[in-house]
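Undergrad: Structure: protein-v4.cif, mmCIF, C-alpha atoms and all ligand atoms.
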```cif
data_coords
loop_
_atom_site.group_PDB
_atom_site.id
_atom_site.type_symbol
_atom_site.label_atom_id
_atom_site.label_comp_id
_atom_site.auth_asym_id
_atom_site.auth_seq_id
_atom_site.Cartn_x
_atom_site.Cartn_y
_atom_site.Cartn_z
ATOM 1 C CA MET A 1 17.263 102.430 -1.802
ATOM 2 C CA TYR A 2 17.276 99.755 0.889
ATOM 3 C CA ARG A 3 20.662 100.874 2.242
ATOM 4 C CA LYS A 4 18.987 103.947 3.740
ATOM 5 C CA GLU A 5 17.005 101.627 6.028
ATOM 6 C CA LEU A 6 20.221 100.972 7.927
ATOM 7 C CA THR A 7 20.135 104.511 9.300
ATOM 8 C CA ASN A 8 17.247 103.353 11.516
ATOM 9 C CA ARG A 9 18.919 100.303 13.017
ATOM 10 C CA LYS A 10 19.130 100.652 16.766
ATOM 11 C CA ARG A 11 20.649 97.495 18.229
ATOM 12 C CA ILE A 12 23.898 96.849 16.414
ATOM 13 C CA VAL A 13 26.232 93.894 16.843
ATOM 14 C CA VAL A 14 29.752 94.456 15.496
ATOM 15 C CA LYS A 15 32.016 91.457 15.025
ATOM 16 C CA ILE A 16 35.726 92.032 14.551
ATOM 17 C CA GLY A 17 38.149 89.309 13.549
ATOM 18 C CA THR A 18 41.675 88.532 14.710
ATOM 19 C CA THR A 19 43.312 89.818 11.513
ATOM 20 C CA SER A 20 41.700 93.229 12.059
ATOM 21 C CA LEU A 21 43.041 93.505 15.621
ATOM 22 C CA THR A 22 46.600 92.302 15.165
ATOM 23 C CA TYR A 23 49.464 92.826 12.753
ATOM 24 C CA PRO A 24 50.547 89.878 10.589
ATOM 25 C CA ASN A 25 53.385 89.246 13.093
ATOM 26 C CA GLY A 26 50.796 88.723 15.849
ATOM 27 C CA ASN A 27 51.399 92.003 17.708
ATOM 28 C CA ILE A 28 48.416 94.076 18.833
ATOM 29 C CA ASN A 29 47.335 96.817 16.431
ATOM 30 C CA LEU A 30 46.921 99.655 18.928
ATOM 31 C CA ARG A 31 45.572 102.148 16.400
ATOM 32 C CA ARG A 32 42.828 99.723 15.474
ATOM 33 C CA PHE A 33 41.730 99.352 19.114
ATOM 34 C CA ALA A 34 41.766 103.119 19.612
ATOM 35 C CA LYS A 35 39.743 103.786 16.464
ATOM 36 C CA LEU A 36 37.246 101.029 17.172
ATOM 37 C CA ALA A 37 36.658 102.336 20.693
ATOM 38 C CA SER A 38 36.097 105.883 19.458
ATOM 39 C CA VAL A 39 33.706 104.873 16.655
ATOM 40 C CA LEU A 40 31.646 102.512 18.813
ATOM 41 C CA THR A 41 31.422 104.962 21.712
ATOM 42 C CA ASP A 42 30.381 107.739 19.336
ATOM 43 C CA LEU A 43 27.669 105.575 17.784
ATOM 44 C CA LYS A 44 26.471 104.673 21.240
ATOM 45 C CA ASN A 45 26.397 108.326 22.196
ATOM 46 C CA SER A 46 24.180 108.950 19.174
ATOM 47 C CA GLY A 47 21.547 106.672 20.713
ATOM 48 C CA ARG A 48 22.319 103.235 19.332
ATOM 49 C CA GLU A 49 22.958 100.121 21.387
ATOM 50 C CA ILE A 50 26.271 98.416 20.655
ATOM 51 C CA ILE A 51 27.454 94.870 21.277
ATOM 52 C CA LEU A 52 30.981 93.925 20.216
ATOM 53 C CA VAL A 53 31.935 90.355 19.379
ATOM 54 C CA SER A 54 35.718 90.175 19.398
ATOM 55 C CA SER A 55 38.092 87.446 18.367
ATOM 56 C CA GLY A 56 41.794 87.633 19.071
ATOM 57 C CA ALA A 57 42.220 85.790 22.374
ATOM 58 C CA ILE A 58 44.060 82.811 20.924
ATOM 59 C CA ALA A 59 46.354 84.860 18.664
ATOM 60 C CA VAL A 60 47.169 87.417 21.368
ATOM 61 C CA GLY A 61 47.778 84.660 23.929
ATOM 62 C CA ALA A 62 49.998 82.701 21.555
ATOM 63 C CA LYS A 63 52.074 85.826 20.973
ATOM 64 C CA ARG A 64 52.422 86.495 24.707
ATOM 65 C CA LEU A 65 53.497 82.883 25.224
ATOM 66 C CA GLY A 66 56.138 83.282 22.532
ATOM 67 C CA LEU A 67 54.640 80.596 20.287
ATOM 68 C CA LYS A 68 55.674 80.823 16.634
ATOM 69 C CA GLU A 69 52.169 80.345 15.321
ATOM 70 C CA ARG A 70 48.583 80.017 16.434
ATOM 71 C CA PRO A 71 48.256 76.553 18.022
ATOM 72 C CA ARG A 72 46.155 74.028 16.137
ATOM 73 C CA ASP A 73 45.558 71.527 18.921
ATOM 74 C CA THR A 74 42.656 72.000 21.322
ATOM 75 C CA ILE A 75 44.693 72.182 24.511
ATOM 76 C CA GLY A 76 47.146 74.639 22.932
ATOM 77 C CA LYS A 77 44.250 76.860 21.834
ATOM 78 C CA GLN A 78 42.688 76.669 25.288
ATOM 79 C CA ALA A 79 45.920 77.638 27.026
ATOM 80 C CA SER A 80 46.572 80.488 24.580
ATOM 81 C CA SER A 81 43.072 81.879 24.909
ATOM 82 C CA ALA A 82 43.322 81.714 28.709
ATOM 83 C CA VAL A 83 46.362 83.970 28.468
ATOM 84 C CA GLY A 84 45.037 86.131 25.622
ATOM 85 C CA GLN A 85 41.464 86.879 26.699
ATOM 86 C CA GLY A 86 42.597 88.897 29.708
ATOM 87 C CA ILE A 87 45.073 90.846 27.605
ATOM 88 C CA LEU A 88 42.388 91.534 25.010
ATOM 89 C CA MET A 89 40.062 92.925 27.668
ATOM 90 C CA GLN A 90 42.879 94.980 29.139
ATOM 91 C CA TYR A 91 43.305 96.714 25.752
ATOM 92 C CA TYR A 92 39.573 97.215 25.384
ATOM 93 C CA GLU A 93 39.292 98.637 28.913
ATOM 94 C CA LYS A 94 42.109 101.075 28.180
ATOM 95 C CA SER A 95 40.779 102.087 24.774
ATOM 96 C CA PHE A 96 37.148 102.612 25.823
ATOM 97 C CA ASN A 97 38.185 104.254 29.071
ATOM 98 C CA GLU A 98 39.632 107.069 26.968
ATOM 99 C CA TYR A 99 36.001 108.032 26.264
ATOM 100 C CA ASN A 100 34.590 107.064 29.682
ATOM 101 C CA GLN A 101 32.716 104.235 28.022
ATOM 102 C CA ARG A 102 32.058 101.227 30.258
ATOM 103 C CA VAL A 103 32.543 97.764 28.832
ATOM 104 C CA ALA A 104 31.827 94.233 30.068
ATOM 105 C CA GLN A 105 33.106 90.798 29.160
ATOM 106 C CA ILE A 106 30.684 88.015 28.225
ATOM 107 C CA LEU A 107 32.132 84.595 27.422
ATOM 108 C CA ILE A 108 29.727 82.209 25.764
ATOM 109 C CA THR A 109 29.610 78.482 25.070
ATOM 110 C CA LYS A 110 27.320 76.912 22.506
ATOM 111 C CA ASP A 111 25.486 74.697 25.000
ATOM 112 C CA ILE A 112 23.843 77.825 26.418
ATOM 113 C CA PHE A 113 21.643 77.895 23.330
ATOM 114 C CA ASN A 114 20.354 74.378 23.979
ATOM 115 C CA TYR A 115 18.787 75.250 27.318
ATOM 116 C CA GLU A 116 16.054 77.795 27.604
ATOM 117 C CA HIS A 117 16.876 78.842 31.163
ATOM 118 C CA LYS A 118 20.515 79.475 30.235
ATOM 119 C CA ARG A 119 19.479 81.370 27.104
ATOM 120 C CA ILE A 120 17.134 83.601 29.048
ATOM 121 C CA ASN A 121 19.724 84.125 31.726
ATOM 122 C CA VAL A 122 22.322 85.315 29.222
ATOM 123 C CA ARG A 123 19.782 87.453 27.372
ATOM 124 C CA ASN A 124 18.766 89.143 30.613
ATOM 125 C CA THR A 125 22.392 89.945 31.328
ATOM 126 C CA PHE A 126 22.780 91.582 27.896
ATOM 127 C CA GLU A 127 19.582 93.570 28.429
ATOM 128 C CA LYS A 128 20.709 94.788 31.835
ATOM 129 C CA LEU A 129 24.136 95.814 30.544
ATOM 130 C CA LEU A 130 22.618 97.717 27.615
ATOM 131 C CA GLU A 131 20.211 99.424 29.975
ATOM 132 C CA LEU A 132 23.231 100.454 32.065
ATOM 133 C CA ASP A 133 24.882 102.006 28.975
ATOM 134 C CA VAL A 134 27.589 99.371 28.862
ATOM 135 C CA ILE A 135 29.083 97.945 25.654
ATOM 136 C CA PRO A 136 29.220 94.159 26.164
ATOM 137 C CA ILE A 137 32.280 92.520 24.588
ATOM 138 C CA VAL A 138 31.640 88.897 23.684
ATOM 139 C CA ASN A 139 33.893 85.982 22.822
ATOM 140 C CA GLU A 140 33.525 82.243 22.930
ATOM 141 C CA ASN A 141 34.709 80.773 26.212
ATOM 142 C CA ASP A 142 37.602 79.112 24.430
ATOM 143 C CA THR A 143 39.136 77.676 27.588
ATOM 144 C CA VAL A 144 36.193 75.319 28.087
ATOM 145 C CA ALA A 145 34.754 74.951 24.578
ATOM 146 C CA THR A 146 36.267 71.998 22.733
ATOM 147 C CA GLU A 147 35.577 70.494 19.352
ATOM 148 C CA GLU A 148 34.161 67.353 20.969
ATOM 149 C CA PHE A 149 31.977 69.505 23.192
ATOM 150 C CA ASN A 150 29.950 71.347 20.629
ATOM 151 C CA GLU A 151 32.066 74.484 20.128
ATOM 152 C CA PHE A 152 31.278 77.396 17.809
ATOM 153 C CA SER A 153 34.942 77.494 16.729
ATOM 154 C CA ASP A 154 34.455 80.713 14.770
ATOM 155 C CA ASN A 155 33.112 84.036 15.882
ATOM 156 C CA ASP A 156 31.026 84.688 12.747
ATOM 157 C CA THR A 157 28.745 81.892 13.931
ATOM 158 C CA LEU A 158 28.933 83.069 17.537
ATOM 159 C CA ALA A 159 27.982 86.603 16.435
ATOM 160 C CA SER A 160 24.951 85.311 14.539
ATOM 161 C CA TYR A 161 23.710 83.367 17.589
ATOM 162 C CA VAL A 162 24.213 86.380 19.849
ATOM 163 C CA THR A 163 22.454 88.679 17.358
ATOM 164 C CA GLU A 164 19.462 86.371 17.200
ATOM 165 C CA LEU A 165 19.375 85.938 20.983
ATOM 166 C CA ILE A 166 19.280 89.638 21.753
ATOM 167 C CA LYS A 167 17.166 90.535 18.705
ATOM 168 C CA GLY A 168 19.826 92.733 17.132
ATOM 169 C CA ASP A 169 18.645 94.569 14.032
ATOM 170 C CA LEU A 170 22.012 94.958 12.296
ATOM 171 C CA LEU A 171 25.068 92.701 12.379
ATOM 172 C CA ILE A 172 28.297 94.176 10.981
ATOM 173 C CA ILE A 173 31.112 91.722 10.342
ATOM 174 C CA LEU A 174 34.482 93.439 10.026
ATOM 175 C CA SER A 175 36.867 91.215 8.170
ATOM 176 C CA ASP A 176 40.089 91.245 6.164
ATOM 177 C CA ILE A 177 38.034 91.332 2.964
ATOM 178 C CA ASP A 178 35.685 94.146 1.985
ATOM 179 C CA GLY A 179 32.715 91.966 1.192
ATOM 180 C CA MET A 180 31.586 89.172 -1.045
ATOM 181 C CA TYR A 181 32.821 89.033 -4.635
ATOM 182 C CA THR A 182 31.466 87.407 -7.764
ATOM 183 C CA GLY A 183 34.685 85.327 -7.827
ATOM 184 C CA ASP A 184 37.969 85.044 -5.951
ATOM 185 C CA PRO A 185 39.473 88.554 -6.256
ATOM 186 C CA ASN A 186 42.976 87.111 -5.713
ATOM 187 C CA LYS A 187 42.662 84.967 -8.797
ATOM 188 C CA ASP A 188 40.038 86.614 -10.964
ATOM 189 C CA LYS A 189 40.688 90.209 -12.104
ATOM 190 C CA ASN A 190 37.098 90.589 -13.211
ATOM 191 C CA ALA A 191 35.621 89.608 -9.856
ATOM 192 C CA SER A 192 33.460 92.429 -8.540
ATOM 193 C CA LEU A 193 32.048 93.249 -5.120
ATOM 194 C CA ILE A 194 28.385 92.333 -4.623
ATOM 195 C CA SER A 195 26.692 95.310 -2.970
ATOM 196 C CA VAL A 196 23.353 93.821 -1.876
ATOM 197 C CA ILE A 197 22.223 90.209 -1.552
ATOM 198 C CA GLU A 198 18.505 89.824 -1.118
ATOM 199 C CA ASN A 199 18.316 86.095 -1.447
ATOM 200 C CA ILE A 200 20.945 83.640 -0.240
ATOM 201 C CA ASN A 201 20.524 81.043 -2.955
ATOM 202 C CA ASP A 202 22.686 78.082 -3.984
ATOM 203 C CA ASP A 203 24.878 80.301 -6.202
ATOM 204 C CA ILE A 204 25.763 82.530 -3.249
ATOM 205 C CA ILE A 205 26.420 79.524 -1.022
ATOM 206 C CA SER A 206 28.758 77.908 -3.528
ATOM 207 C CA LEU A 207 30.515 81.236 -4.192
ATOM 208 C CA ALA A 208 31.313 81.409 -0.476
ATOM 209 C CA GLY A 209 33.172 78.092 -0.246
ATOM 210 C CA GLY A 210 36.583 78.265 1.468
ATOM 211 C CA SER A 211 38.778 81.387 1.806
ATOM 212 C CA ALA A 212 39.851 81.287 5.485
ATOM 213 C CA SER A 213 42.785 83.452 6.527
ATOM 214 C CA SER A 214 45.808 82.206 8.481
ATOM 215 C CA LEU A 215 45.225 84.001 11.788
ATOM 216 C CA GLY A 216 41.470 83.807 12.215
ATOM 217 C CA THR A 217 39.173 80.855 11.695
ATOM 218 C CA GLY A 218 36.152 82.094 9.775
ATOM 219 C CA GLY A 219 36.037 82.317 5.997
ATOM 220 C CA MET A 220 33.304 83.523 3.665
ATOM 221 C CA ALA A 221 31.351 80.293 4.181
ATOM 222 C CA THR A 222 30.822 80.951 7.909
ATOM 223 C CA LYS A 223 29.806 84.530 7.094
ATOM 224 C CA VAL A 224 27.136 83.407 4.643
ATOM 225 C CA GLN A 225 25.869 80.898 7.224
ATOM 226 C CA ALA A 226 25.711 83.733 9.738
ATOM 227 C CA ALA A 227 23.802 85.839 7.202
ATOM 228 C CA MET A 228 21.282 83.036 6.679
ATOM 229 C CA LYS A 229 20.618 82.888 10.390
ATOM 230 C CA VAL A 230 20.235 86.595 11.063
ATOM 231 C CA THR A 231 18.348 87.589 7.912
ATOM 232 C CA ALA A 232 15.742 84.987 8.886
ATOM 233 C CA ALA A 233 15.525 86.696 12.274
ATOM 234 C CA ASN A 234 14.579 90.129 10.952
ATOM 235 C CA CYS A 235 18.105 91.500 11.000
ATOM 236 C CA ASP A 236 20.360 92.887 8.254
ATOM 237 C CA MET A 237 24.002 91.946 7.974
ATOM 238 C CA VAL A 238 26.918 93.757 6.353
ATOM 239 C CA ILE A 239 30.402 92.380 5.682
ATOM 240 C CA ALA A 240 33.017 95.119 5.393
ATOM 241 C CA LYS A 241 36.757 95.552 5.666
ATOM 242 C CA GLY A 242 37.968 96.027 9.236
ATOM 243 C CA ASP A 243 41.131 98.012 8.500
ATOM 244 C CA ASP A 244 39.281 101.288 9.029
ATOM 245 C CA PRO A 245 36.592 101.092 11.741
ATOM 246 C CA THR A 246 35.053 104.370 10.498
ATOM 247 C CA VAL A 247 33.477 102.164 7.831
ATOM 248 C CA ILE A 248 30.852 101.538 10.544
ATOM 249 C CA TYR A 249 29.773 105.196 10.179
ATOM 250 C CA SER A 250 29.362 104.719 6.433
ATOM 251 C CA ILE A 251 27.296 101.554 6.919
ATOM 252 C CA THR A 252 25.008 103.048 9.553
ATOM 253 C CA SER A 253 24.462 106.149 7.445
ATOM 254 C CA GLY A 254 23.245 104.054 4.549
ATOM 255 C CA GLN A 255 26.232 104.304 2.231
ATOM 256 C CA PRO A 256 26.910 101.460 -0.198
ATOM 257 C CA VAL A 257 30.004 99.911 1.381
ATOM 258 C CA GLY A 258 30.744 96.208 1.733
ATOM 259 C CA THR A 259 28.125 93.557 1.069
ATOM 260 C CA LEU A 260 24.674 93.891 2.595
ATOM 261 C CA PHE A 261 22.544 90.814 3.195
ATOM 262 C CA ALA A 262 19.041 92.220 3.475
ATOM 263 C CA ARG A 263 16.670 90.816 6.071
ATOM 264 C CA LYS A 264 14.042 88.432 4.755
ATOM 265 C CA ARG A 265 11.043 90.580 5.560
ATOM 266 C CA PHE A 266 12.217 93.113 2.968
ATOM 267 C CA TYR A 267 11.310 90.994 -0.028
ATOM 268 C CA GLU A 268 8.547 88.821 1.366
HETATM 269 N N1 LIG B 301 37.454 82.779 19.821
HETATM 270 C C1 LIG B 301 38.668 82.837 19.076
HETATM 271 C C2 LIG B 301 39.642 83.815 19.689
HETATM 272 O O1 LIG B 301 39.278 84.696 20.391
HETATM 273 C C3 LIG B 301 38.469 83.314 17.658
HETATM 274 C C4 LIG B 301 37.561 82.547 16.786
HETATM 275 C C5 LIG B 301 37.598 83.161 15.378
HETATM 276 O O2 LIG B 301 38.705 83.527 14.911
HETATM 277 O O3 LIG B 301 36.545 83.301 14.758
HETATM 278 O O4 LIG B 301 40.809 83.761 19.421
#
```
Can you turn what I pasted into structure tokens?

TA:
Amino acid sequence: MYRKELTNRKRIVVKIGTTSLTYPNGNINLRRFAKLASVLTDLKNSGREIILVSSGAIAVGAKRLGLKERPRDTIGKQASSAVGQGILMQYYEKSFNEYNQRVAQILITKDIFNYEHKRINVRNTFEKLLELDVIPIVNENDTVATEEFNEFSDNDTLASYVTELIKGDLLIILSDIDGMYTGDPNKDKNASLISVIENINDDIISLAGGSASSLGTGGMATKVQAAMKVTAANCDMVIAKGDDPTVIYSITSGQPVGTLFARKRFYE
């Protein structure tokens, strides 16, 4: 069974969304941070390399600023993320420090990928950090990225670019849904979870349309786009529910959880 292949994946990028890090009222979910830090440090201790792509800056910043909801305008988002990113890192520092695990912050803008020297520069930084046993924590540099200026806008896409850049061999997207379904599970009682997708065809793409949540920005469509990018770059991707970070253990031990998009090489 192809799932067992995932036990051999060494360089793992984990993306966690805003809804997995905060409560619906916008407050930080402390248990989630603590669990995530313990699981990722443990995996790292077992010999894997871990890169975390974390959303949450805008939501956490908006909460700290006392805003009633996540701002929709660019300048509001930039101000909120400027406040929230530091808070986010403060929680990560605290949580990983519990296990003496060093972390680093990397903020990325999309233009980096248009220039080879910038790309190489960023890649070298990742390599050095991994060599130093650090877990890099990545977000978009929301304070300078704007819609007009070629932003990623969602971290599913950002995670796929980062995974490709550093030649990750497994991307795990932790979301508020446990994978991809044959229909909308909120509307269709017969919709069932798809365990493995070996070919991202038109049916899969149209199935993915829509479904964004209120706190984060990505929906299933951005996740399928991310899967298209990484599976073409010799990497597997799994979408799973982020409410219990120990799901990462199940994925990396080859158990059939969430939806696996198998890398292209597998069926070529
Ligand atoms: N970069 C945004 C943030 O940290 C999140 C983007 C997303 O939700 O995908 O708030």

Undergrad: Write out as a PDB file with C-alpha atoms, in the coordinates of the input each polymer residue (protein, DNA or RNA) that has an atom no more than 7 Å from ligand LIG 301 (chain B), with all atoms listed in the file counted.

TA:
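See pocket06.pdb below for the written result:
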```pdb
ATOM      1  CA  GLY A  17      38.149  89.309  13.549  1.00  0.00           C
ATOM      2  CA  THR A  18      41.675  88.532  14.710  1.00  0.00           C
ATOM      3  CA  SER A  54      35.718  90.175  19.398  1.00  0.00           C
ATOM      4  CA  SER A  55      38.092  87.446  18.367  1.00  0.00           C
ATOM      5  CA  GLY A  56      41.794  87.633  19.071  1.00  0.00           C
ATOM      6  CA  ALA A  57      42.220  85.790  22.374  1.00  0.00           C
ATOM      7  CA  ILE A  58      44.060  82.811  20.924  1.00  0.00           C
ATOM      8  CA  ALA A  59      46.354  84.860  18.664  1.00  0.00           C
ATOM      9  CA  SER A  81      43.072  81.879  24.909  1.00  0.00           C
ATOM     10  CA  ASN A 139      33.893  85.982  22.822  1.00  0.00           C
ATOM     11  CA  GLU A 140      33.525  82.243  22.930  1.00  0.00           C
ATOM     12  CA  ASP A 142      37.602  79.112  24.430  1.00  0.00           C
ATOM     13  CA  SER A 153      34.942  77.494  16.729  1.00  0.00           C
ATOM     14  CA  ASP A 154      34.455  80.713  14.770  1.00  0.00           C
ATOM     15  CA  ASN A 155      33.112  84.036  15.882  1.00  0.00           C
ATOM     16  CA  ASP A 156      31.026  84.688  12.747  1.00  0.00           C
ATOM     17  CA  GLY A 216      41.470  83.807  12.215  1.00  0.00           C
ATOM     18  CA  THR A 217      39.173  80.855  11.695  1.00  0.00           C
ATOM     19  CA  GLY A 218      36.152  82.094   9.775  1.00  0.00           C
TER      20      GLY A 218
END
```

Undergrad: Check the smallest atom-to-atom distance from each of A:Tyr249, A:Tyr92, A:Phe113, A:Tyr99 to Leu165 in chain A using all atoms listed in the file, then report the winner.

TA: A:Phe113

Undergrad: When you count only C-alpha atoms, which of these residues is closest to Leu107 in chain A: A:Asn124, A:Lys94, A:Val138, A:Thr222?

TA: A:Val138

Undergrad: Could you check how far CA of Leu171 in chain A sits from CA of Leu36 in chain A, in Å to one decimal?

TA: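 Those two atoms sit 15.5 Å apart.
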
Undergrad: Using only C-alpha atoms, which residue out of A:Ser175, A:His117, A:Ala159, A:Gln90 lies closest to Asp243 in chain A?

TA: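 Smallest separation from Asp243 in chain A among the options: A:Ser175.
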
Undergrad: If we count only C-alpha atoms and set the cut-off at 9 Å, which residues sit around Ile177 in chain A, ignoring sequence neighbours fewer than 4 positions away in its own chain? Please answer as a VMD selection string.

TA: chain A and resid 239 to 242 258

Undergrad: Can you list what the PyMOL selection byres (((chain A and resi 89) around 10) and not hetatm) grabs from this structure, as a PDB file with C-alpha atoms, in the coordinates of the input?

TA:
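Result written to out_25.pdb:
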```pdb
ATOM      1  CA  SER A  54      35.718  90.175  19.398  1.00  0.00           C
ATOM      2  CA  ALA A  57      42.220  85.790  22.374  1.00  0.00           C
ATOM      3  CA  GLY A  84      45.037  86.131  25.622  1.00  0.00           C
ATOM      4  CA  GLN A  85      41.464  86.879  26.699  1.00  0.00           C
ATOM      5  CA  GLY A  86      42.597  88.897  29.708  1.00  0.00           C
ATOM      6  CA  ILE A  87      45.073  90.846  27.605  1.00  0.00           C
ATOM      7  CA  LEU A  88      42.388  91.534  25.010  1.00  0.00           C
ATOM      8  CA  GLN A  90      42.879  94.980  29.139  1.00  0.00           C
ATOM      9  CA  TYR A  91      43.305  96.714  25.752  1.00  0.00           C
ATOM     10  CA  TYR A  92      39.573  97.215  25.384  1.00  0.00           C
ATOM     11  CA  GLU A  93      39.292  98.637  28.913  1.00  0.00           C
ATOM     12  CA  LYS A  94      42.109 101.075  28.180  1.00  0.00           C
ATOM     13  CA  SER A  95      40.779 102.087  24.774  1.00  0.00           C
ATOM     14  CA  VAL A 103      32.543  97.764  28.832  1.00  0.00           C
ATOM     15  CA  ALA A 104      31.827  94.233  30.068  1.00  0.00           C
ATOM     16  CA  GLN A 105      33.106  90.798  29.160  1.00  0.00           C
ATOM     17  CA  ILE A 137      32.280  92.520  24.588  1.00  0.00           C
TER      18      ILE A 137
END
```

Undergrad: One decimal, Å: what's the distance from CA of Leu67 in chain A over to CA of Asn27 in chain A, could you say?

TA: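 A separation of 12.1 Å between them.
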
Undergrad: Nearest to Ala37 in chain A among A:Ser20, A:Pro245, A:Val144, A:Lys15, with distances taken over all atoms listed in the file: which residue is it?

TA: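 Ranking A:Ser20, A:Pro245, A:Val144, A:Lys15 by distance to Ala37 in chain A, first place goes to A:Pro245.
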
Undergrad: Enter the distance from CA of Ile172 in chain A to CA of Ile51 in chain A, in Å, rounded to one decimal.

TA: 10.4 Å

Undergrad: For this structure, which residues satisfy the selection - the PyMOL selection byres (((chain A and resi 254) around 9) and not hetatm) - when it is evaluated on the file as given? I want them as a PyMOL selection string.

TA: chain A and resi 1-7+249-253+255-257

Undergrad: Just so I have it separately, write range 253-259 of chain A from the block I sent, keeping all heavy atoms, as a PDB file, in the first residue's frame.

TA:
```pdb
ATOM      1  N   SER A 253       3.310   7.444   9.948  1.00  0.00           N
ATOM      2  CA  SER A 253       3.516   6.005  10.137  1.00  0.00           C
ATOM      3  C   SER A 253       2.689   5.210   9.134  1.00  0.00           C
ATOM      4  O   SER A 253       2.531   4.000   9.266  1.00  0.00           O
ATOM      5  CB  SER A 253       3.208   5.595  11.585  1.00  0.00           C
ATOM      6  OG  SER A 253       1.868   5.889  11.882  1.00  0.00           O
ATOM      7  N   GLY A 254       2.186   5.918   8.137  1.00  0.00           N
ATOM      8  CA  GLY A 254       1.557   5.222   7.004  1.00  0.00           C
ATOM      9  C   GLY A 254       0.103   4.837   7.197  1.00  0.00           C
ATOM     10  O   GLY A 254      -0.436   4.026   6.440  1.00  0.00           O
ATOM     11  N   GLN A 255      -0.544   5.402   8.221  1.00  0.00           N
ATOM     12  CA  GLN A 255      -1.949   5.038   8.428  1.00  0.00           C
ATOM     13  C   GLN A 255      -2.876   5.843   7.512  1.00  0.00           C
ATOM     14  O   GLN A 255      -2.559   6.975   7.150  1.00  0.00           O
ATOM     15  CB  GLN A 255      -2.319   5.245   9.898  1.00  0.00           C
ATOM     16  CG  GLN A 255      -1.672   4.209  10.803  1.00  0.00           C
ATOM     17  CD  GLN A 255      -1.773   4.607  12.255  1.00  0.00           C
ATOM     18  OE1 GLN A 255      -2.793   5.116  12.686  1.00  0.00           O
ATOM     19  NE2 GLN A 255      -0.701   4.395  12.987  1.00  0.00           N
ATOM     20  N   PRO A 256      -4.000   5.235   7.143  1.00  0.00           N
ATOM     21  CA  PRO A 256      -4.890   5.879   6.172  1.00  0.00           C
ATOM     22  C   PRO A 256      -5.756   6.979   6.781  1.00  0.00           C
ATOM     23  O   PRO A 256      -6.958   6.821   6.934  1.00  0.00           O
ATOM     24  CB  PRO A 256      -5.752   4.721   5.654  1.00  0.00           C
ATOM     25  CG  PRO A 256      -5.787   3.758   6.785  1.00  0.00           C
ATOM     26  CD  PRO A 256      -4.496   3.906   7.545  1.00  0.00           C
ATOM     27  N   VAL A 257      -5.151   8.110   7.125  1.00  0.00           N
ATOM     28  CA  VAL A 257      -5.956   9.227   7.628  1.00  0.00           C
ATOM     29  C   VAL A 257      -5.911  10.373   6.611  1.00  0.00           C
ATOM     30  O   VAL A 257      -4.927  10.541   5.897  1.00  0.00           O
ATOM     31  CB  VAL A 257      -5.457   9.753   9.002  1.00  0.00           C
ATOM     32  CG1 VAL A 257      -5.803   8.809  10.107  1.00  0.00           C
ATOM     33  CG2 VAL A 257      -3.972  10.035   8.965  1.00  0.00           C
ATOM     34  N   GLY A 258      -6.977  11.147   6.574  1.00  0.00           N
ATOM     35  CA  GLY A 258      -7.042  12.293   5.677  1.00  0.00           C
ATOM     36  C   GLY A 258      -7.028  11.875   4.215  1.00  0.00           C
ATOM     37  O   GLY A 258      -7.304  10.723   3.866  1.00  0.00           O
ATOM     38  N   THR A 259      -6.693  12.829   3.368  1.00  0.00           N
ATOM     39  CA  THR A 259      -6.598  12.558   1.927  1.00  0.00           C
ATOM     40  C   THR A 259      -5.153  12.705   1.489  1.00  0.00           C
ATOM     41  O   THR A 259      -4.532  13.741   1.717  1.00  0.00           O
ATOM     42  CB  THR A 259      -7.477  13.545   1.133  1.00  0.00           C
ATOM     43  OG1 THR A 259      -8.843  13.377   1.537  1.00  0.00           O
ATOM     44  CG2 THR A 259      -7.367  13.295  -0.369  1.00  0.00           C
TER      45      THR A 259
END
```
